[in-house]
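Written out below as structure tokens is the structure these notes cover.
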Amino acid sequence: MSKVADLLRKNEKPFASFELVPPLKGSDVSRLYDSLDPLMQFHPPFINITCHRDEVEYVSNPDGTYTKMTLTKRPGTVAVVAAIMRRYPQLEIVPHVICGGASRSRVESELLDLHFLGIRNVVALRGDAIPGQRYFIPEADGFSHTDELVAMINRLNHGQYLDPTVRNGLPTDFCVGVAAYPEKHFEAPNLDVDIEYLKRKVEAGADYIVTQMVFDNEPFYRFRDRLVAAGITVPVVPGLKPISKLRQTDLLPRAFHIDIPQPLVSRLRQARTEDDAYQVGIEWAIEQSRDLLSHGVPAIHYYTMSKTDNICQIVKTSF
């Protein structure tokens with residue numbers, strides 16, 4: 001099994017990696033395969049699988065009170081990984097592991113389940129606040145920040161378990177990716193502080209970095225230079241997502257706290273139909289990809305949102 005950090009350092013040619021979202025509860029595994037199968041023509045070294053915390057809703061009762069309900073809207077990470085391994089046993093799968101909604105012991109159990117499946121790569125993330133919460137609130141005995149999760153994974157890699165009665169625990173062998181934000185995380189006061197937080201993740205044991213989606217390469221190049229100046233030398237992979245609908249110019253900045261450059265907005269405003277906007281998104285992502293490749297990135301990570309027709313066109317044209 002290959003480690004992502006080794007692939008990023010040793011591959012002679014840059015490659016495309018992809019991120020998929022598990023299907024919603026109520027659908028079957030074929031929905032996952034329908035998204036994955038078209039991407040296999042590119043022989044991706046690995047596939048990322050997102051993880052989504054349980055959601056909380058309050059249901060009104062006849063007496064005017066409310067009942068809190070916890071809803072799991074997608075299948076669990078271990079089940080999704082196992083389903084992909086059954087179809088593509090040689091494919092390296094990189095599941096996301098999040099702090100949100102879980103205690104330390106629950107996260108450790110999930111990691112050990114993944115280890116038993118033979119998984120050797122994970123992406124460690126804090127996760128978002130649940131709807132209705134203004135800020136992220138960790139679970140009791142949970143992690144507040146990603147560097148704490150990375151540190152625990154690093155301890156597992158040295159055979160150190162949460163349970164002190166475990167003696168001579170079998171070491172895991174996880175390669176750990178973490179997220180970064182070239183335009184800064186919206187909770188950070190400025191980019192310098194955000195890079196300090198990122199450095200903590202690396203010092204805790206992170207092996208490589210994947211960025212939030214960017215629509216303008218120049219901020220990514222400046223960010224990459226600042227990481228080197230800060231002493232962060234692990235591989236950095238830019239993340240891209242093609243615009244597919246006109247309304248995404250409003251939705252994406254709100255959801256992901258990112259900028260969409262004016263030249264792209266201008267092109268989209270000239271689009272007369274949704275099909276035209278879809279094509280603009282493809283063309284822009286091709287231009288971005290080619291420019292990134294010319295600037296020596298080791299890979300490009302595509303956020304597919306499990307819709308892959310446009311991603312396939314982009315990769316075919318760019319690589």
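Chain labels follow the order of the structure tokens: the first chain is A, the next B, and so on; residue numbering restarts at 1 in every chain, and ligands are counted from 1 in their shown order.
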Check which residues of segment 98-216 of chain A sit at most 10 Å from segment 293-312 of chain A using only C-alpha atoms, and return one row each with the closest pair of atoms and their distance in Å to one decimal, ordered by chain and rising number, as a tab-separated table.
residue	atom	partner	partner_atom	distance
A:Val210	CA	A:His301	CA	7.5
A:Thr211	CA	A:His301	CA	8.5
A:Gln212	CA	A:Tyr303	CA	9.3
A:Met213	CA	A:Tyr303	CA	7.5
Surrounding residues of segment 113-129 of chain A excluding itself and chain neighbours under 4 positions, 6 Å, only C-alpha atoms, as a PDB file with all heavy atoms, in the first residue's frame:
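Heads up, here's the output in selection_15.pdb:
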ATOM      1  N   VAL A  94      -8.555   7.070   0.814  1.00  0.00           N
ATOM      2  CA  VAL A  94      -8.150   8.005   1.861  1.00  0.00           C
ATOM      3  C   VAL A  94      -9.414   8.554   2.520  1.00  0.00           C
ATOM      4  O   VAL A  94     -10.008   9.515   2.034  1.00  0.00           O
ATOM      5  CB  VAL A  94      -7.292   9.152   1.295  1.00  0.00           C
ATOM      6  CG1 VAL A  94      -6.781  10.042   2.430  1.00  0.00           C
ATOM      7  CG2 VAL A  94      -6.128   8.611   0.468  1.00  0.00           C
ATOM      8  N   PRO A  95      -9.846   7.953   3.611  1.00  0.00           N
ATOM      9  CA  PRO A  95     -11.038   8.471   4.291  1.00  0.00           C
ATOM     10  C   PRO A  95     -10.725   9.704   5.125  1.00  0.00           C
ATOM     11  O   PRO A  95      -9.620   9.864   5.640  1.00  0.00           O
ATOM     12  CB  PRO A  95     -11.459   7.301   5.183  1.00  0.00           C
ATOM     13  CG  PRO A  95     -10.195   6.555   5.438  1.00  0.00           C
ATOM     14  CD  PRO A  95      -9.340   6.731   4.222  1.00  0.00           C
ATOM     15  N   HIS A  96     -11.721  10.563   5.243  1.00  0.00           N
ATOM     16  CA  HIS A  96     -11.611  11.714   6.134  1.00  0.00           C
ATOM     17  C   HIS A  96     -12.015  11.294   7.541  1.00  0.00           C
ATOM     18  O   HIS A  96     -12.992  10.562   7.726  1.00  0.00           O
ATOM     19  CB  HIS A  96     -12.518  12.848   5.668  1.00  0.00           C
ATOM     20  CG  HIS A  96     -12.072  13.477   4.390  1.00  0.00           C
ATOM     21  ND1 HIS A  96     -12.664  14.609   3.868  1.00  0.00           N
ATOM     22  CD2 HIS A  96     -11.082  13.134   3.517  1.00  0.00           C
ATOM     23  CE1 HIS A  96     -12.053  14.936   2.731  1.00  0.00           C
ATOM     24  NE2 HIS A  96     -11.100  14.057   2.506  1.00  0.00           N
ATOM     25  N   VAL A  97     -11.290  11.765   8.515  1.00  0.00           N
ATOM     26  CA  VAL A  97     -11.592  11.527   9.923  1.00  0.00           C
ATOM     27  C   VAL A  97     -11.746  12.894  10.572  1.00  0.00           C
ATOM     28  O   VAL A  97     -10.853  13.741  10.475  1.00  0.00           O
ATOM     29  CB  VAL A  97     -10.475  10.723  10.610  1.00  0.00           C
ATOM     30  CG1 VAL A  97     -10.783  10.525  12.088  1.00  0.00           C
ATOM     31  CG2 VAL A  97     -10.287   9.376   9.922  1.00  0.00           C
ATOM     32  N   ILE A  98     -12.894  13.125  11.232  1.00  0.00           N
ATOM     33  CA  ILE A  98     -13.179  14.462  11.754  1.00  0.00           C
ATOM     34  C   ILE A  98     -13.311  14.456  13.270  1.00  0.00           C
ATOM     35  O   ILE A  98     -13.637  13.446  13.887  1.00  0.00           O
ATOM     36  CB  ILE A  98     -14.451  15.057  11.111  1.00  0.00           C
ATOM     37  CG1 ILE A  98     -15.689  14.214  11.473  1.00  0.00           C
ATOM     38  CG2 ILE A  98     -14.291  15.179   9.606  1.00  0.00           C
ATOM     39  CD1 ILE A  98     -16.996  14.852  11.027  1.00  0.00           C
ATOM     40  N   CYS A  99     -13.054  15.639  13.836  1.00  0.00           N
ATOM     41  CA  CYS A  99     -13.211  15.817  15.278  1.00  0.00           C
ATOM     42  C   CYS A  99     -14.678  16.011  15.657  1.00  0.00           C
ATOM     43  O   CYS A  99     -15.108  15.569  16.730  1.00  0.00           O
ATOM     44  CB  CYS A  99     -12.429  17.052  15.743  1.00  0.00           C
ATOM     45  SG  CYS A  99     -10.676  17.061  15.332  1.00  0.00           S
ATOM     46  N   GLY A 100     -15.425  16.703  14.816  1.00  0.00           N
ATOM     47  CA  GLY A 100     -16.783  17.098  15.152  1.00  0.00           C
ATOM     48  C   GLY A 100     -17.707  15.922  15.422  1.00  0.00           C
ATOM     49  O   GLY A 100     -17.752  14.962  14.660  1.00  0.00           O
ATOM     50  N   GLN A 133     -25.255  26.362  15.417  1.00  0.00           N
ATOM     51  CA  GLN A 133     -24.120  26.765  16.245  1.00  0.00           C
ATOM     52  C   GLN A 133     -23.300  27.804  15.499  1.00  0.00           C
ATOM     53  O   GLN A 133     -22.973  27.604  14.323  1.00  0.00           O
ATOM     54  CB  GLN A 133     -23.225  25.573  16.584  1.00  0.00           C
ATOM     55  CG  GLN A 133     -23.792  24.625  17.608  1.00  0.00           C
ATOM     56  CD  GLN A 133     -22.822  23.500  17.941  1.00  0.00           C
ATOM     57  OE1 GLN A 133     -21.816  23.318  17.267  1.00  0.00           O
ATOM     58  NE2 GLN A 133     -23.146  22.730  18.962  1.00  0.00           N
ATOM     59  N   TYR A 135     -20.243  28.763  16.404  1.00  0.00           N
ATOM     60  CA  TYR A 135     -18.856  28.328  16.404  1.00  0.00           C
ATOM     61  C   TYR A 135     -18.796  26.824  16.653  1.00  0.00           C
ATOM     62  O   TYR A 135     -19.727  26.229  17.202  1.00  0.00           O
ATOM     63  CB  TYR A 135     -18.053  29.068  17.486  1.00  0.00           C
ATOM     64  CG  TYR A 135     -18.059  30.558  17.350  1.00  0.00           C
ATOM     65  CD1 TYR A 135     -18.822  31.345  18.206  1.00  0.00           C
ATOM     66  CD2 TYR A 135     -17.325  31.187  16.349  1.00  0.00           C
ATOM     67  CE1 TYR A 135     -18.846  32.725  18.083  1.00  0.00           C
ATOM     68  CE2 TYR A 135     -17.340  32.563  16.215  1.00  0.00           C
ATOM     69  CZ  TYR A 135     -18.101  33.335  17.080  1.00  0.00           C
ATOM     70  OH  TYR A 135     -18.122  34.676  16.947  1.00  0.00           O
ATOM     71  N   PHE A 136     -17.687  26.238  16.267  1.00  0.00           N
ATOM     72  CA  PHE A 136     -17.482  24.811  16.498  1.00  0.00           C
ATOM     73  C   PHE A 136     -17.402  24.533  17.989  1.00  0.00           C
ATOM     74  O   PHE A 136     -16.662  25.196  18.718  1.00  0.00           O
ATOM     75  CB  PHE A 136     -16.195  24.357  15.808  1.00  0.00           C
ATOM     76  CG  PHE A 136     -15.842  22.917  16.055  1.00  0.00           C
ATOM     77  CD1 PHE A 136     -16.395  21.918  15.274  1.00  0.00           C
ATOM     78  CD2 PHE A 136     -14.973  22.563  17.081  1.00  0.00           C
ATOM     79  CE1 PHE A 136     -16.079  20.585  15.505  1.00  0.00           C
ATOM     80  CE2 PHE A 136     -14.652  21.238  17.318  1.00  0.00           C
ATOM     81  CZ  PHE A 136     -15.211  20.246  16.519  1.00  0.00           C
ATOM     82  N   HIS A 145      -9.250  21.004  18.178  1.00  0.00           N
ATOM     83  CA  HIS A 145      -8.485  21.440  17.011  1.00  0.00           C
ATOM     84  C   HIS A 145      -7.872  20.228  16.303  1.00  0.00           C
ATOM     85  O   HIS A 145      -7.609  19.195  16.922  1.00  0.00           O
ATOM     86  CB  HIS A 145      -7.390  22.419  17.422  1.00  0.00           C
ATOM     87  CG  HIS A 145      -7.902  23.625  18.158  1.00  0.00           C
ATOM     88  ND1 HIS A 145      -8.547  24.653  17.517  1.00  0.00           N
ATOM     89  CD2 HIS A 145      -7.881  23.938  19.484  1.00  0.00           C
ATOM     90  CE1 HIS A 145      -8.896  25.569  18.402  1.00  0.00           C
ATOM     91  NE2 HIS A 145      -8.507  25.156  19.606  1.00  0.00           N
ATOM     92  N   THR A 146      -7.611  20.409  15.026  1.00  0.00           N
ATOM     93  CA  THR A 146      -7.103  19.301  14.223  1.00  0.00           C
ATOM     94  C   THR A 146      -5.745  18.816  14.700  1.00  0.00           C
ATOM     95  O   THR A 146      -5.444  17.625  14.617  1.00  0.00           O
ATOM     96  CB  THR A 146      -7.013  19.717  12.742  1.00  0.00           C
ATOM     97  OG1 THR A 146      -8.256  20.257  12.322  1.00  0.00           O
ATOM     98  CG2 THR A 146      -6.666  18.529  11.867  1.00  0.00           C
ATOM     99  N   ASP A 173      -0.006   2.617  11.014  1.00  0.00           N
ATOM    100  CA  ASP A 173       0.976   3.149  10.060  1.00  0.00           C
ATOM    101  C   ASP A 173       0.305   4.159   9.142  1.00  0.00           C
ATOM    102  O   ASP A 173       0.375   4.067   7.920  1.00  0.00           O
ATOM    103  CB  ASP A 173       1.573   1.998   9.252  1.00  0.00           C
ATOM    104  CG  ASP A 173       2.782   2.426   8.416  1.00  0.00           C
ATOM    105  OD1 ASP A 173       3.443   3.395   8.812  1.00  0.00           O
ATOM    106  OD2 ASP A 173       3.026   1.805   7.368  1.00  0.00           O
ATOM    107  N   PHE A 174      -0.376   5.120   9.751  1.00  0.00           N
ATOM    108  CA  PHE A 174      -1.140   6.089   8.972  1.00  0.00           C
ATOM    109  C   PHE A 174      -0.262   7.226   8.453  1.00  0.00           C
ATOM    110  O   PHE A 174       0.559   7.776   9.184  1.00  0.00           O
ATOM    111  CB  PHE A 174      -2.257   6.696   9.825  1.00  0.00           C
ATOM    112  CG  PHE A 174      -3.381   5.761  10.145  1.00  0.00           C
ATOM    113  CD1 PHE A 174      -3.630   5.380  11.458  1.00  0.00           C
ATOM    114  CD2 PHE A 174      -4.198   5.262   9.139  1.00  0.00           C
ATOM    115  CE1 PHE A 174      -4.668   4.523  11.770  1.00  0.00           C
ATOM    116  CE2 PHE A 174      -5.241   4.399   9.432  1.00  0.00           C
ATOM    117  CZ  PHE A 174      -5.476   4.027  10.756  1.00  0.00           C
ATOM    118  N   CYS A 175      -0.472   7.561   7.199  1.00  0.00           N
ATOM    119  CA  CYS A 175       0.017   8.809   6.610  1.00  0.00           C
ATOM    120  C   CYS A 175      -1.126   9.809   6.731  1.00  0.00           C
ATOM    121  O   CYS A 175      -2.267   9.497   6.371  1.00  0.00           O
ATOM    122  CB  CYS A 175       0.410   8.572   5.155  1.00  0.00           C
ATOM    123  SG  CYS A 175       0.795  10.066   4.217  1.00  0.00           S
ATOM    124  N   VAL A 176      -0.836  11.009   7.215  1.00  0.00           N
ATOM    125  CA  VAL A 176      -1.895  11.955   7.583  1.00  0.00           C
ATOM    126  C   VAL A 176      -1.848  13.201   6.712  1.00  0.00           C
ATOM    127  O   VAL A 176      -0.831  13.905   6.652  1.00  0.00           O
ATOM    128  CB  VAL A 176      -1.783  12.365   9.065  1.00  0.00           C
ATOM    129  CG1 VAL A 176      -2.947  13.262   9.461  1.00  0.00           C
ATOM    130  CG2 VAL A 176      -1.736  11.133   9.959  1.00  0.00           C
ATOM    131  N   GLY A 177      -2.954  13.469   6.043  1.00  0.00           N
ATOM    132  CA  GLY A 177      -3.121  14.723   5.326  1.00  0.00           C
ATOM    133  C   GLY A 177      -3.962  15.686   6.140  1.00  0.00           C
ATOM    134  O   GLY A 177      -4.785  15.265   6.967  1.00  0.00           O
ATOM    135  N   VAL A 178      -3.754  16.976   5.932  1.00  0.00           N
ATOM    136  CA  VAL A 178      -4.543  18.005   6.619  1.00  0.00           C
ATOM    137  C   VAL A 178      -4.940  19.078   5.600  1.00  0.00           C
ATOM    138  O   VAL A 178      -4.386  19.157   4.505  1.00  0.00           O
ATOM    139  CB  VAL A 178      -3.774  18.658   7.787  1.00  0.00           C
ATOM    140  CG1 VAL A 178      -3.553  17.650   8.910  1.00  0.00           C
ATOM    141  CG2 VAL A 178      -2.454  19.246   7.329  1.00  0.00           C
TER     142      VAL A 178
END
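Considering only C-alpha atoms, the residue among A:Val107, A:Ile47, A:Ala206, A:Leu32 positioned nearest to Phe143 of chain A is A:Val107.
Reported to one decimal place, the separation of atom CA of Ile130 of chain A from atom CA of Thr65 of chain A is 21.1 Å.
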Which polymer residues have any atom within 8 Å of an atom of Ile243 of chain A, counting only C-alpha atoms, with same-chain residues fewer than 2 positions away left out, as a compact mmCIF listing (two decimals) with N, CA and C atoms, in the first residue's frame?
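Saved the output as result_31.txt:
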# COMPACT_ATOMS: atom_id res chain seq x y z
N LYS A 241 -12.42 22.99 -7.79
CA LYS A 241 -13.79 22.54 -8.04
C LYS A 241 -14.36 23.37 -9.17
N LYS A 245 -22.97 25.60 -11.85
CA LYS A 245 -24.26 26.29 -11.93
C LYS A 245 -24.05 27.78 -11.66
N LEU A 246 -24.89 28.61 -12.27
CA LEU A 246 -24.76 30.05 -12.10
C LEU A 246 -24.87 30.45 -10.64
N GLN A 248 -23.88 29.15 -8.07
CA GLN A 248 -22.73 28.82 -7.23
C GLN A 248 -21.83 30.02 -6.98
N THR A 249 -21.95 31.05 -7.80
CA THR A 249 -21.17 32.26 -7.52
C THR A 249 -21.63 32.93 -6.23
N ALA A 277 -23.08 28.03 -18.49
CA ALA A 277 -22.33 28.21 -17.24
C ALA A 277 -21.51 26.97 -16.92
N TYR A 278 -22.08 25.82 -17.16
CA TYR A 278 -21.39 24.55 -16.93
C TYR A 278 -20.11 24.48 -17.76
N VAL A 280 -18.46 27.08 -19.01
CA VAL A 280 -17.52 28.09 -18.50
C VAL A 280 -16.73 27.51 -17.32
N GLY A 281 -17.41 26.80 -16.45
CA GLY A 281 -16.73 26.20 -15.31
C GLY A 281 -15.67 25.20 -15.74
N ILE A 282 -15.97 24.41 -16.75
CA ILE A 282 -15.00 23.44 -17.27
C ILE A 282 -13.79 24.16 -17.86
**OP:** Report as an NGL selection string: the residues of segment 28-185 of chain A with a DSSP assignment of helix (DSSP H, G or I), based on the backbone of this structure.
**Re:** :A and (29-42 or 77-87 or 104-117 or 146-156)
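Separating atom CA of Leu91 of chain A from atom CA of Pro44 of chain A is a distance of 8.0 Å.
One distance worth recording is that between atom CA of Arg155 of chain A and atom CA of Glu92 of chain A, which is 22.8 Å.
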Original post:
If you run DSSP on this backbone, which residues of segment 206-306 of chain A come out as strand (DSSP E), and could you give them as a PyMOL selection string?
Top reply: chain A and resi 208-213+236-240+299-303
Can I get the selection written as a short mmCIF file (atom, residue, chain, number, x, y, z; two decimals), in the first residue's frame, with N, CA and C atoms?
data_model
loop_
_atom_site.label_atom_id
_atom_site.label_comp_id
_atom_site.auth_asym_id
_atom_site.auth_seq_id
_atom_site.Cartn_x
_atom_site.Cartn_y
_atom_site.Cartn_z
N TYR A 208 1.26 15.77 4.71
CA TYR A 208 1.04 16.56 3.51
C TYR A 208 -0.19 17.43 3.70
N ILE A 209 -0.39 18.35 2.77
CA ILE A 209 -1.44 19.37 2.88
C ILE A 209 -2.25 19.40 1.60
N VAL A 210 -3.57 19.49 1.73
CA VAL A 210 -4.46 19.72 0.59
C VAL A 210 -5.23 21.01 0.87
N THR A 211 -5.31 21.89 -0.11
CA THR A 211 -5.95 23.18 0.14
C THR A 211 -7.46 23.13 -0.12
N GLN A 212 -8.13 24.07 0.50
CA GLN A 212 -9.51 24.37 0.15
C GLN A 212 -9.57 24.71 -1.33
N MET A 213 -10.74 24.56 -1.94
CA MET A 213 -10.88 24.89 -3.36
C MET A 213 -10.47 26.34 -3.62
N VAL A 236 2.37 20.17 -0.77
CA VAL A 236 1.14 20.96 -0.76
C VAL A 236 0.41 20.75 -2.08
N VAL A 237 -0.84 20.34 -2.00
CA VAL A 237 -1.64 20.04 -3.19
C VAL A 237 -2.79 21.03 -3.29
N PRO A 238 -2.94 21.73 -4.42
CA PRO A 238 -4.07 22.64 -4.58
C PRO A 238 -5.37 21.89 -4.85
N GLY A 239 -6.46 22.40 -4.31
CA GLY A 239 -7.77 21.82 -4.56
C GLY A 239 -8.58 22.67 -5.52
N LEU A 240 -9.23 22.02 -6.49
CA LEU A 240 -10.05 22.71 -7.47
C LEU A 240 -11.46 22.13 -7.50
N ALA A 299 0.45 17.41 -7.67
CA ALA A 299 -0.85 16.82 -8.00
C ALA A 299 -1.88 17.93 -7.93
N ILE A 300 -3.07 17.63 -8.47
CA ILE A 300 -4.22 18.52 -8.32
C ILE A 300 -5.36 17.68 -7.77
N HIS A 301 -5.97 18.19 -6.71
CA HIS A 301 -7.06 17.47 -6.04
C HIS A 301 -8.39 18.08 -6.48
N TYR A 302 -9.25 17.26 -7.06
CA TYR A 302 -10.53 17.75 -7.58
C TYR A 302 -11.67 17.37 -6.65
N TYR A 303 -12.39 18.40 -6.22
CA TYR A 303 -13.59 18.19 -5.41
C TYR A 303 -14.75 17.91 -6.36
#
Original post:
If you count only C-alpha atoms, which residues fall within 12 Å of His43 of chain A, apart from same-chain ones fewer than 2 positions away, as a PyMOL selection string?
Top reply: chain A and resi 15-18+36-41+45-47+88+90-92+315-316
Selection above as a file: C-alpha atoms, as a CSV table (one decimal), in the first residue's frame:
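File written: again.csv
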chain,number,residue,atom,x,y,z
A,15,PHE,CA,-1.4,13.3,-11.2
A,16,ALA,CA,-5.0,14.0,-10.5
A,17,SER,CA,-6.7,12.9,-7.3
A,18,PHE,CA,-10.4,13.0,-6.6
A,36,LEU,CA,-16.3,6.5,-8.9
A,37,ASP,CA,-16.3,4.3,-12.0
A,38,PRO,CA,-15.8,7.1,-14.6
A,39,LEU,CA,-12.7,8.3,-12.7
A,40,MET,CA,-11.0,5.0,-12.8
A,41,GLN,CA,-10.0,5.6,-16.5
A,45,PRO,CA,-3.3,6.8,-7.1
A,46,PHE,CA,-5.9,7.4,-4.5
A,47,ILE,CA,-9.5,8.5,-3.8
A,88,TYR,CA,-11.6,-1.9,-6.5
A,90,GLN,CA,-6.1,-2.3,-5.5
A,91,LEU,CA,-7.3,1.3,-5.1
A,92,GLU,CA,-5.8,3.4,-2.3
A,315,VAL,CA,-8.6,15.9,-16.5
A,316,LYS,CA,-8.6,14.5,-20.0
